[in-house]
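*Asks:* Input file: entry.pdb. Contents: PDB, C-alpha atoms, pLDDT in the B column.
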ATOM      1  CA  ALA A 256      88.576 165.620 -15.762  1.00 72.00           C
ATOM      2  CA  GLN A 257      86.304 162.744 -16.640  1.00 81.00           C
ATOM      3  CA  LYS A 258      85.302 162.232 -20.251  1.00 90.00           C
ATOM      4  CA  ILE A 259      82.957 159.753 -21.910  1.00 95.00           C
ATOM      5  CA  THR A 260      82.974 159.174 -25.658  1.00 96.00           C
ATOM      6  CA  GLN A 261      80.404 157.364 -27.761  1.00 97.00           C
ATOM      7  CA  THR A 262      81.490 157.514 -31.399  1.00 96.00           C
ATOM      8  CA  GLN A 263      78.444 155.874 -32.974  1.00 96.00           C
ATOM      9  CA  PRO A 264      75.580 158.356 -33.420  1.00 95.00           C
ATOM     10  CA  GLY A 265      73.396 155.605 -34.871  1.00 96.00           C
ATOM     11  CA  MET A 266      73.469 151.833 -35.216  1.00 96.00           C
ATOM     12  CA  PHE A 267      71.248 149.347 -37.013  1.00 97.00           C
ATOM     13  CA  VAL A 268      70.842 145.668 -36.164  1.00 97.00           C
ATOM     14  CA  GLN A 269      68.671 142.918 -37.490  1.00 97.00           C
ATOM     15  CA  GLU A 270      66.171 141.427 -35.093  1.00 97.00           C
ATOM     16  CA  LYS A 271      67.608 138.429 -33.192  1.00 97.00           C
ATOM     17  CA  GLU A 272      71.181 139.453 -33.983  1.00 97.00           C
ATOM     18  CA  ALA A 273      73.741 140.752 -31.466  1.00 98.00           C
ATOM     19  CA  VAL A 274      75.010 144.321 -31.472  1.00 98.00           C
ATOM     20  CA  THR A 275      77.892 146.124 -29.762  1.00 98.00           C
ATOM     21  CA  LEU A 276      77.643 149.764 -28.735  1.00 98.00           C
ATOM     22  CA  ASP A 277      81.004 151.433 -28.157  1.00 98.00           C
ATOM     23  CA  CYS A 278      82.053 153.535 -25.198  1.00 98.00           C
ATOM     24  CA  THR A 279      85.464 154.833 -24.208  1.00 97.00           C
ATOM     25  CA  TYR A 280      86.299 156.886 -21.186  1.00 96.00           C
ATOM     26  CA  ASP A 281      89.078 158.853 -19.612  1.00 93.00           C
ATOM     27  CA  THR A 282      89.679 159.446 -15.929  1.00 90.00           C
ATOM     28  CA  SER A 283      92.531 159.773 -13.488  1.00 88.00           C
ATOM     29  CA  ASP A 284      90.491 158.299 -10.643  1.00 87.00           C
ATOM     30  CA  PRO A 285      91.520 154.767  -9.670  1.00 87.00           C
ATOM     31  CA  SER A 286      87.989 153.898  -8.527  1.00 88.00           C
ATOM     32  CA  TYR A 287      84.992 154.518 -10.732  1.00 91.00           C
ATOM     33  CA  GLY A 288      81.823 152.960 -12.035  1.00 93.00           C
ATOM     34  CA  LEU A 289      80.663 152.515 -15.594  1.00 95.00           C
ATOM     35  CA  PHE A 290      76.979 152.447 -16.479  1.00 96.00           C
ATOM     36  CA  TRP A 291      74.689 151.973 -19.428  1.00 97.00           C
ATOM     37  CA  TYR A 292      71.211 153.465 -19.651  1.00 97.00           C
ATOM     38  CA  LYS A 293      68.457 153.028 -22.203  1.00 98.00           C
ATOM     39  CA  GLN A 294      66.194 155.920 -23.161  1.00 96.00           C
ATOM     40  CA  PRO A 295      63.115 155.005 -25.211  1.00 95.00           C
ATOM     41  CA  SER A 296      61.196 157.679 -27.096  1.00 92.00           C
ATOM     42  CA  SER A 297      59.086 158.214 -23.964  1.00 90.00           C
ATOM     43  CA  GLY A 298      62.088 159.921 -22.386  1.00 90.00           C
ATOM     44  CA  GLU A 299      62.657 157.893 -19.246  1.00 92.00           C
ATOM     45  CA  MET A 300      66.173 156.720 -18.424  1.00 94.00           C
ATOM     46  CA  ILE A 301      66.338 153.002 -17.665  1.00 96.00           C
ATOM     47  CA  PHE A 302      69.365 151.606 -15.853  1.00 95.00           C
ATOM     48  CA  LEU A 303      70.746 148.541 -17.652  1.00 97.00           C
ATOM     49  CA  ILE A 304      74.094 147.462 -16.284  1.00 96.00           C
ATOM     50  CA  TYR A 305      76.975 148.456 -14.019  1.00 94.00           C
ATOM     51  CA  GLN A 306      80.707 147.677 -14.034  1.00 94.00           C
ATOM     52  CA  GLY A 307      83.065 148.640 -11.258  1.00 92.00           C
ATOM     53  CA  SER A 308      86.637 149.563 -12.107  1.00 91.00           C
ATOM     54  CA  TYR A 309      87.956 146.859  -9.776  1.00 91.00           C
ATOM     55  CA  ASP A 310      85.601 144.138 -10.970  1.00 90.00           C
ATOM     56  CA  GLN A 311      87.544 141.222 -12.435  1.00 87.00           C
ATOM     57  CA  GLN A 312      84.701 139.824 -14.482  1.00 92.00           C
ATOM     58  CA  ASN A 313      82.576 141.500 -17.117  1.00 95.00           C
ATOM     59  CA  ALA A 314      79.095 142.404 -15.892  1.00 95.00           C
ATOM     60  CA  THR A 315      76.067 140.624 -17.341  1.00 96.00           C
ATOM     61  CA  GLU A 316      72.353 141.308 -16.905  1.00 95.00           C
ATOM     62  CA  GLY A 317      70.145 139.046 -18.986  1.00 96.00           C
ATOM     63  CA  ARG A 318      70.697 139.915 -22.652  1.00 97.00           C
ATOM     64  CA  TYR A 319      73.051 142.760 -21.730  1.00 98.00           C
ATOM     65  CA  SER A 320      76.756 142.306 -21.121  1.00 97.00           C
ATOM     66  CA  LEU A 321      79.505 144.837 -20.676  1.00 97.00           C
ATOM     67  CA  ASN A 322      82.819 144.205 -22.435  1.00 96.00           C
ATOM     68  CA  PHE A 323      85.167 145.943 -20.005  1.00 96.00           C
ATOM     69  CA  GLN A 324      88.740 146.465 -21.208  1.00 95.00           C
ATOM     70  CA  LYS A 325      90.409 148.534 -18.542  1.00 94.00           C
ATOM     71  CA  ALA A 326      93.742 149.009 -20.284  1.00 93.00           C
ATOM     72  CA  ARG A 327      91.962 150.350 -23.354  1.00 95.00           C
ATOM     73  CA  LYS A 328      89.530 152.345 -21.200  1.00 95.00           C
ATOM     74  CA  SER A 329      86.575 150.931 -23.029  1.00 96.00           C
ATOM     75  CA  ALA A 330      83.231 149.687 -21.741  1.00 97.00           C
ATOM     76  CA  ASN A 331      81.226 148.453 -24.695  1.00 98.00           C
ATOM     77  CA  LEU A 332      77.642 147.251 -24.293  1.00 98.00           C
ATOM     78  CA  VAL A 333      76.698 144.020 -26.019  1.00 98.00           C
ATOM     79  CA  ILE A 334      73.025 143.270 -26.588  1.00 98.00           C
ATOM     80  CA  SER A 335      72.333 139.707 -27.623  1.00 97.00           C
ATOM     81  CA  ALA A 336      69.280 138.468 -29.517  1.00 97.00           C
ATOM     82  CA  SER A 337      68.032 141.984 -30.340  1.00 97.00           C
ATOM     83  CA  GLN A 338      64.329 142.664 -30.064  1.00 97.00           C
ATOM     84  CA  LEU A 339      62.227 145.391 -31.671  1.00 97.00           C
ATOM     85  CA  GLY A 340      61.721 146.878 -28.214  1.00 96.00           C
ATOM     86  CA  ASP A 341      65.462 147.469 -27.944  1.00 98.00           C
ATOM     87  CA  SER A 342      65.160 150.384 -30.381  1.00 98.00           C
ATOM     88  CA  ALA A 343      66.097 153.419 -28.278  1.00 97.00           C
ATOM     89  CA  MET A 344      68.894 155.791 -27.347  1.00 97.00           C
ATOM     90  CA  TYR A 345      71.677 154.220 -25.278  1.00 98.00           C
ATOM     91  CA  PHE A 346      73.884 156.283 -23.008  1.00 98.00           C
ATOM     92  CA  CYS A 347      77.180 155.265 -21.478  1.00 97.00           C
ATOM     93  CA  ALA A 348      78.034 156.989 -18.210  1.00 96.00           C
ATOM     94  CA  MET A 349      80.872 157.069 -15.724  1.00 94.00           C
ATOM     95  CA  GLY A 350      80.510 157.946 -12.081  1.00 88.00           C
ATOM     96  CA  ASN A 351      82.286 158.158  -8.814  1.00 73.00           C
ATOM     97  CA  ASN A 352      80.409 158.759  -5.569  1.00 67.00           C
ATOM     98  CA  ASN A 353      77.292 159.682  -7.476  1.00 68.00           C
ATOM     99  CA  ASP A 354      79.022 162.276  -9.666  1.00 80.00           C
ATOM    100  CA  MET A 355      77.967 160.921 -13.051  1.00 87.00           C
ATOM    101  CA  ARG A 356      78.819 162.102 -16.551  1.00 91.00           C
ATOM    102  CA  PHE A 357      77.121 160.892 -19.711  1.00 95.00           C
ATOM    103  CA  GLY A 358      78.257 160.246 -23.242  1.00 96.00           C
ATOM    104  CA  ALA A 359      76.518 161.690 -26.282  1.00 96.00           C
ATOM    105  CA  GLY A 360      74.483 158.553 -26.833  1.00 97.00           C
ATOM    106  CA  THR A 361      73.908 156.035 -29.638  1.00 98.00           C
ATOM    107  CA  ARG A 362      70.553 155.593 -31.330  1.00 97.00           C
ATOM    108  CA  LEU A 363      69.926 151.894 -31.912  1.00 98.00           C
ATOM    109  CA  THR A 364      67.361 150.787 -34.459  1.00 98.00           C
ATOM    110  CA  VAL A 365      66.340 147.141 -34.607  1.00 97.00           C
ATOM    111  CA  LYS A 366      65.087 146.043 -38.014  1.00 97.00           C
ATOM    112  CA  PRO A 367      62.403 143.345 -38.304  1.00 95.00           C
TER     113      PRO A 367
ATOM    114  CA  SER B 281      66.544 150.111  -6.780  1.00 78.00           C
ATOM    115  CA  ALA B 282      64.075 152.953  -6.242  1.00 85.00           C
ATOM    116  CA  VAL B 283      60.710 153.975  -7.659  1.00 91.00           C
ATOM    117  CA  ILE B 284      60.629 157.621  -8.626  1.00 95.00           C
ATOM    118  CA  SER B 285      57.526 159.605  -9.512  1.00 95.00           C
ATOM    119  CA  GLN B 286      58.027 162.814 -11.413  1.00 96.00           C
ATOM    120  CA  LYS B 287      55.306 165.369 -12.116  1.00 96.00           C
ATOM    121  CA  PRO B 288      54.217 166.788 -14.469  1.00 96.00           C
ATOM    122  CA  SER B 289      55.168 164.395 -17.245  1.00 95.00           C
ATOM    123  CA  ARG B 290      54.926 167.194 -19.792  1.00 96.00           C
ATOM    124  CA  ASP B 291      53.838 170.811 -19.996  1.00 97.00           C
ATOM    125  CA  ILE B 292      53.587 173.641 -22.473  1.00 97.00           C
ATOM    126  CA  CYS B 293      54.321 177.034 -20.940  1.00 96.00           C
ATOM    127  CA  GLN B 294      54.405 180.651 -21.988  1.00 96.00           C
ATOM    128  CA  ARG B 295      57.664 182.567 -21.885  1.00 96.00           C
ATOM    129  CA  GLY B 296      58.223 184.552 -18.722  1.00 97.00           C
ATOM    130  CA  THR B 297      56.346 182.092 -16.526  1.00 97.00           C
ATOM    131  CA  SER B 298      57.732 179.521 -14.074  1.00 97.00           C
ATOM    132  CA  LEU B 299      57.167 175.791 -13.717  1.00 97.00           C
ATOM    133  CA  THR B 300      57.819 173.643 -10.657  1.00 98.00           C
ATOM    134  CA  ILE B 301      58.661 169.986 -11.199  1.00 98.00           C
ATOM    135  CA  GLN B 302      58.157 167.510  -8.385  1.00 97.00           C
ATOM    136  CA  CYS B 303      60.140 164.361  -7.692  1.00 97.00           C
ATOM    137  CA  GLN B 304      58.938 161.790  -5.148  1.00 97.00           C
ATOM    138  CA  VAL B 305      60.890 158.667  -4.147  1.00 96.00           C
ATOM    139  CA  ASP B 306      59.493 155.540  -2.507  1.00 94.00           C
ATOM    140  CA  SER B 307      62.363 155.327   0.004  1.00 92.00           C
ATOM    141  CA  GLN B 308      64.640 157.687   1.884  1.00 91.00           C
ATOM    142  CA  VAL B 309      67.678 158.740  -0.115  1.00 89.00           C
ATOM    143  CA  THR B 310      70.504 161.087   0.718  1.00 87.00           C
ATOM    144  CA  MET B 311      71.327 162.411  -2.707  1.00 88.00           C
ATOM    145  CA  MET B 312      68.968 163.584  -5.428  1.00 93.00           C
ATOM    146  CA  PHE B 313      70.018 165.021  -8.737  1.00 94.00           C
ATOM    147  CA  TRP B 314      68.411 167.205 -11.392  1.00 96.00           C
ATOM    148  CA  TYR B 315      69.412 166.957 -15.057  1.00 96.00           C
ATOM    149  CA  ARG B 316      68.501 168.793 -18.227  1.00 97.00           C
ATOM    150  CA  GLN B 317      68.407 167.125 -21.622  1.00 96.00           C
ATOM    151  CA  GLN B 318      68.084 169.572 -24.478  1.00 96.00           C
ATOM    152  CA  PRO B 319      66.597 168.273 -27.760  1.00 93.00           C
ATOM    153  CA  GLY B 320      68.875 165.708 -29.366  1.00 91.00           C
ATOM    154  CA  GLN B 321      71.486 166.098 -26.655  1.00 93.00           C
ATOM    155  CA  SER B 322      72.851 164.118 -23.745  1.00 94.00           C
ATOM    156  CA  LEU B 323      72.106 164.728 -20.082  1.00 95.00           C
ATOM    157  CA  THR B 324      73.665 167.675 -18.273  1.00 95.00           C
ATOM    158  CA  LEU B 325      73.679 167.854 -14.500  1.00 94.00           C
ATOM    159  CA  ILE B 326      71.980 170.976 -13.155  1.00 96.00           C
ATOM    160  CA  ALA B 327      72.474 170.453  -9.449  1.00 95.00           C
ATOM    161  CA  THR B 328      72.804 167.993  -6.610  1.00 93.00           C
ATOM    162  CA  ALA B 329      70.255 168.288  -3.811  1.00 92.00           C
ATOM    163  CA  ASN B 330      71.007 166.941  -0.352  1.00 85.00           C
ATOM    164  CA  GLN B 331      68.426 167.126   2.386  1.00 81.00           C
ATOM    165  CA  GLY B 332      69.077 169.864   4.910  1.00 78.00           C
ATOM    166  CA  SER B 333      71.564 171.838   2.846  1.00 79.00           C
ATOM    167  CA  GLU B 334      71.633 174.159  -0.129  1.00 84.00           C
ATOM    168  CA  ALA B 335      71.739 172.541  -3.535  1.00 90.00           C
ATOM    169  CA  THR B 336      75.095 172.458  -5.289  1.00 92.00           C
ATOM    170  CA  TYR B 337      74.868 173.860  -8.817  1.00 95.00           C
ATOM    171  CA  GLU B 338      77.034 172.966 -11.783  1.00 93.00           C
ATOM    172  CA  SER B 339      78.803 175.546 -13.866  1.00 93.00           C
ATOM    173  CA  GLY B 340      76.331 177.409 -16.046  1.00 95.00           C
ATOM    174  CA  PHE B 341      73.345 176.913 -13.749  1.00 96.00           C
ATOM    175  CA  VAL B 342      72.300 179.391 -11.062  1.00 95.00           C
ATOM    176  CA  ILE B 343      69.893 179.265  -8.178  1.00 95.00           C
ATOM    177  CA  ASP B 344      67.864 182.254  -9.365  1.00 96.00           C
ATOM    178  CA  LYS B 345      67.003 180.442 -12.587  1.00 97.00           C
ATOM    179  CA  PHE B 346      66.667 176.917 -11.169  1.00 97.00           C
ATOM    180  CA  PRO B 347      65.721 177.082  -7.482  1.00 96.00           C
ATOM    181  CA  ILE B 348      65.614 173.667  -5.822  1.00 95.00           C
ATOM    182  CA  SER B 349      63.957 172.539  -2.628  1.00 93.00           C
ATOM    183  CA  ARG B 350      64.723 169.378  -0.689  1.00 93.00           C
ATOM    184  CA  PRO B 351      62.465 169.417   2.375  1.00 91.00           C
ATOM    185  CA  ASN B 352      62.927 165.735   3.312  1.00 91.00           C
ATOM    186  CA  LEU B 353      64.622 162.511   2.270  1.00 92.00           C
ATOM    187  CA  THR B 354      61.913 161.460  -0.197  1.00 94.00           C
ATOM    188  CA  PHE B 355      61.001 164.645  -2.055  1.00 94.00           C
ATOM    189  CA  SER B 356      62.511 167.454  -4.119  1.00 95.00           C
ATOM    190  CA  THR B 357      61.343 170.162  -6.476  1.00 96.00           C
ATOM    191  CA  LEU B 358      63.020 172.014  -9.314  1.00 97.00           C
ATOM    192  CA  THR B 359      61.605 175.305 -10.539  1.00 97.00           C
ATOM    193  CA  VAL B 360      62.406 176.630 -13.989  1.00 97.00           C
ATOM    194  CA  SER B 361      61.982 180.386 -13.607  1.00 97.00           C
ATOM    195  CA  ASN B 362      61.265 183.134 -16.110  1.00 97.00           C
ATOM    196  CA  MET B 363      61.189 180.616 -18.930  1.00 97.00           C
ATOM    197  CA  SER B 364      62.295 181.238 -22.483  1.00 96.00           C
ATOM    198  CA  PRO B 365      62.100 178.934 -25.528  1.00 96.00           C
ATOM    199  CA  GLU B 366      65.713 177.922 -24.828  1.00 96.00           C
ATOM    200  CA  ASP B 367      64.480 176.187 -21.669  1.00 97.00           C
ATOM    201  CA  SER B 368      62.526 173.683 -23.769  1.00 97.00           C
ATOM    202  CA  SER B 369      64.040 170.372 -22.662  1.00 96.00           C
ATOM    203  CA  ILE B 370      63.440 167.173 -20.800  1.00 96.00           C
ATOM    204  CA  TYR B 371      64.121 167.619 -17.097  1.00 97.00           C
ATOM    205  CA  LEU B 372      64.953 164.482 -15.146  1.00 96.00           C
ATOM    206  CA  CYS B 373      65.421 163.803 -11.479  1.00 96.00           C
ATOM    207  CA  SER B 374      67.443 160.895 -10.196  1.00 94.00           C
ATOM    208  CA  VAL B 375      68.406 159.393  -6.869  1.00 92.00           C
ATOM    209  CA  GLY B 376      71.621 157.762  -5.800  1.00 87.00           C
ATOM    210  CA  VAL B 377      71.232 154.279  -4.345  1.00 84.00           C
ATOM    211  CA  SER B 378      74.228 152.726  -2.621  1.00 79.00           C
ATOM    212  CA  GLY B 379      74.859 149.055  -2.037  1.00 71.00           C
ATOM    213  CA  ARG B 380      77.508 146.359  -2.340  1.00 67.00           C
ATOM    214  CA  ALA B 381      80.320 148.811  -3.138  1.00 63.00           C
ATOM    215  CA  LYS B 382      78.467 150.529  -5.924  1.00 74.00           C
ATOM    216  CA  ASN B 383      76.372 153.656  -6.335  1.00 82.00           C
ATOM    217  CA  ILE B 384      73.694 153.637  -9.013  1.00 88.00           C
ATOM    218  CA  GLN B 385      71.455 156.481 -10.098  1.00 91.00           C
ATOM    219  CA  TYR B 386      67.833 155.680 -10.860  1.00 92.00           C
ATOM    220  CA  PHE B 387      65.747 158.132 -12.819  1.00 94.00           C
ATOM    221  CA  GLY B 388      62.216 159.371 -12.908  1.00 92.00           C
ATOM    222  CA  ALA B 389      60.264 159.343 -16.160  1.00 94.00           C
ATOM    223  CA  GLY B 390      61.192 162.959 -16.895  1.00 95.00           C
ATOM    224  CA  THR B 391      59.268 166.162 -17.554  1.00 96.00           C
ATOM    225  CA  ARG B 392      59.045 167.219 -21.182  1.00 95.00           C
ATOM    226  CA  LEU B 393      58.842 171.016 -21.196  1.00 97.00           C
ATOM    227  CA  SER B 394      57.990 173.154 -24.198  1.00 97.00           C
ATOM    228  CA  VAL B 395      58.172 176.938 -23.884  1.00 97.00           C
ATOM    229  CA  LEU B 396      56.327 179.063 -26.448  1.00 95.00           C
TER     230      LEU B 396
END
What's the structure tokens form of this structure?
*Replies:*
Amino acid sequence: AQKITQTQPGMFVQEKEAVTLDCTYDTSDPSYGLFWYKQPSSGEMIFLIYQGSYDQQNATEGRYSLNFQKARKSANLVISASQLGDSAMYFCAMGNNNDMRFGAGTRLTVKP
Amino acid sequence: SAVISQKPSRDICQRGTSLTIQCQVDSQVTMMFWYRQQPGQSLTLIATANQGSEATYESGFVIDKFPISRPNLTFSTLTVSNMSPEDSSIYLCSVGVSGRAKNIQYFGAGTRLSVL
């Protein structure tokens, strides 16, 4: 069975600093995708970044990067140069052929 | 990516009534998904809806409580039937978009449901 674990219920970061949100996973599938989503207080789920299990390089999308350590089964999200608008819930997810499971989420608060 | 319109954005309903949530996509997609997010919780998959076939429900969700329609490749509805306060949640639809060896789910803005 697939399992996603986010151990940080809440995180604080100073504006303009970088922050790492942790995510570990467990699966017996050799092929899978790892995802991060942002959920502001409005409730929508915004796709941020994707990492395939066979990708050799860590994924990057603007200020977002995914620190993928396959042997450790971790897929941490790094947000650089935090902005006040980054304050939100962040969910890590793992999927295979559109069967996606989500972690419990981390609430990020950016301090001015 | 895909642009997904979900209606209504929020509603307050009386117990015992039903609410139908609509999800419209700007392109044809094979797979659509419905999730529930209870207050302070993560997302839980209710069912997968493929056009032309019955929806596939996850453990703990049944068709009588959450009937789903998928009449074409751009539209789906989820009905929350005989509501109780425990049904108060955010309901989200998503679509699976495939490309370049990856499948990504894009979400609508969600329906925030409160049941009194």
*Asks:* Figure out the distance between CA of Gly390 in chain B and CA of Glu316 in chain A, please, to one decimal in Å.
*Replies:*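 So the two atoms, CA of Glu316 in chain A and CA of Gly390 in chain B, lie 24.4 Å apart.
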*Asks:* Measure the distance from CA of Met311 in chain B to CA of Gln286 in chain B in Å and round it to one decimal.
*Replies:*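 Here the two named atoms are 15.9 Å from each other.
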*Asks:* For chain A, which residues have at least one atom within 10 Å of chain B, if we go by only C-alpha atoms? Write them as a PyMOL selection string, please.
*Replies:* chain A and resi 287-290+292+294+297-302+304-307+344+346+348+350-360
*Asks:* Grab the CA of Lys258 in chain A to CA of Asn313 in chain A distance for me, in Å with one decimal place.
*Replies:*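 Separating CA of Lys258 in chain A from CA of Asn313 in chain A is a distance of 21.1 Å.
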*Asks:* Could you state which residues are captured by the PyMOL selection byres ((chain A and resi 282) around 8) in this file, as a PyMOL selection string?
*Replies:* chain A and resi 256-258+280-281+283-284
*Asks:* On this file, the PyMOL selection byres ((chain B and resi 308) around 9) gives some set of residues; write that set as an NGL selection string.
*Replies:* :B and (305-307 or 309-310 or 352-355)
*Asks:* Find the residue from A:Lys293, A:Ser308, A:Val333, A:Leu303 that sits nearest to Thr275 in chain A; use all atoms listed in the file when measuring.
*Replies:*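 Under the stated criterion, the closest residue is A:Val333.
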*Asks:* For Gly340 in chain B, list every protein, DNA or RNA residue within 12 Å, evaluated using all atoms listed in the file, and leave out those in the same chain fewer than 5 positions away; present the list as an MDAnalysis selection string.
*Replies:* chainID B and resid 316 324:327 345:346
*Asks:* In terms of the shortest atom-to-atom distance over only C-alpha atoms, which of B:Ser356, B:Ser394, B:Pro288, B:Glu338 is closest to Gln304 in chain B?
*Replies:* B:Ser356
*Asks:* Please evaluate the PyMOL selection byres ((chain A and resi 323) around 10) against the displayed coordinates and give the resulting residues as number ranges by chain.
*Replies:* A: 278-279, 289, 306-308, 310-314, 320-322, 324-332
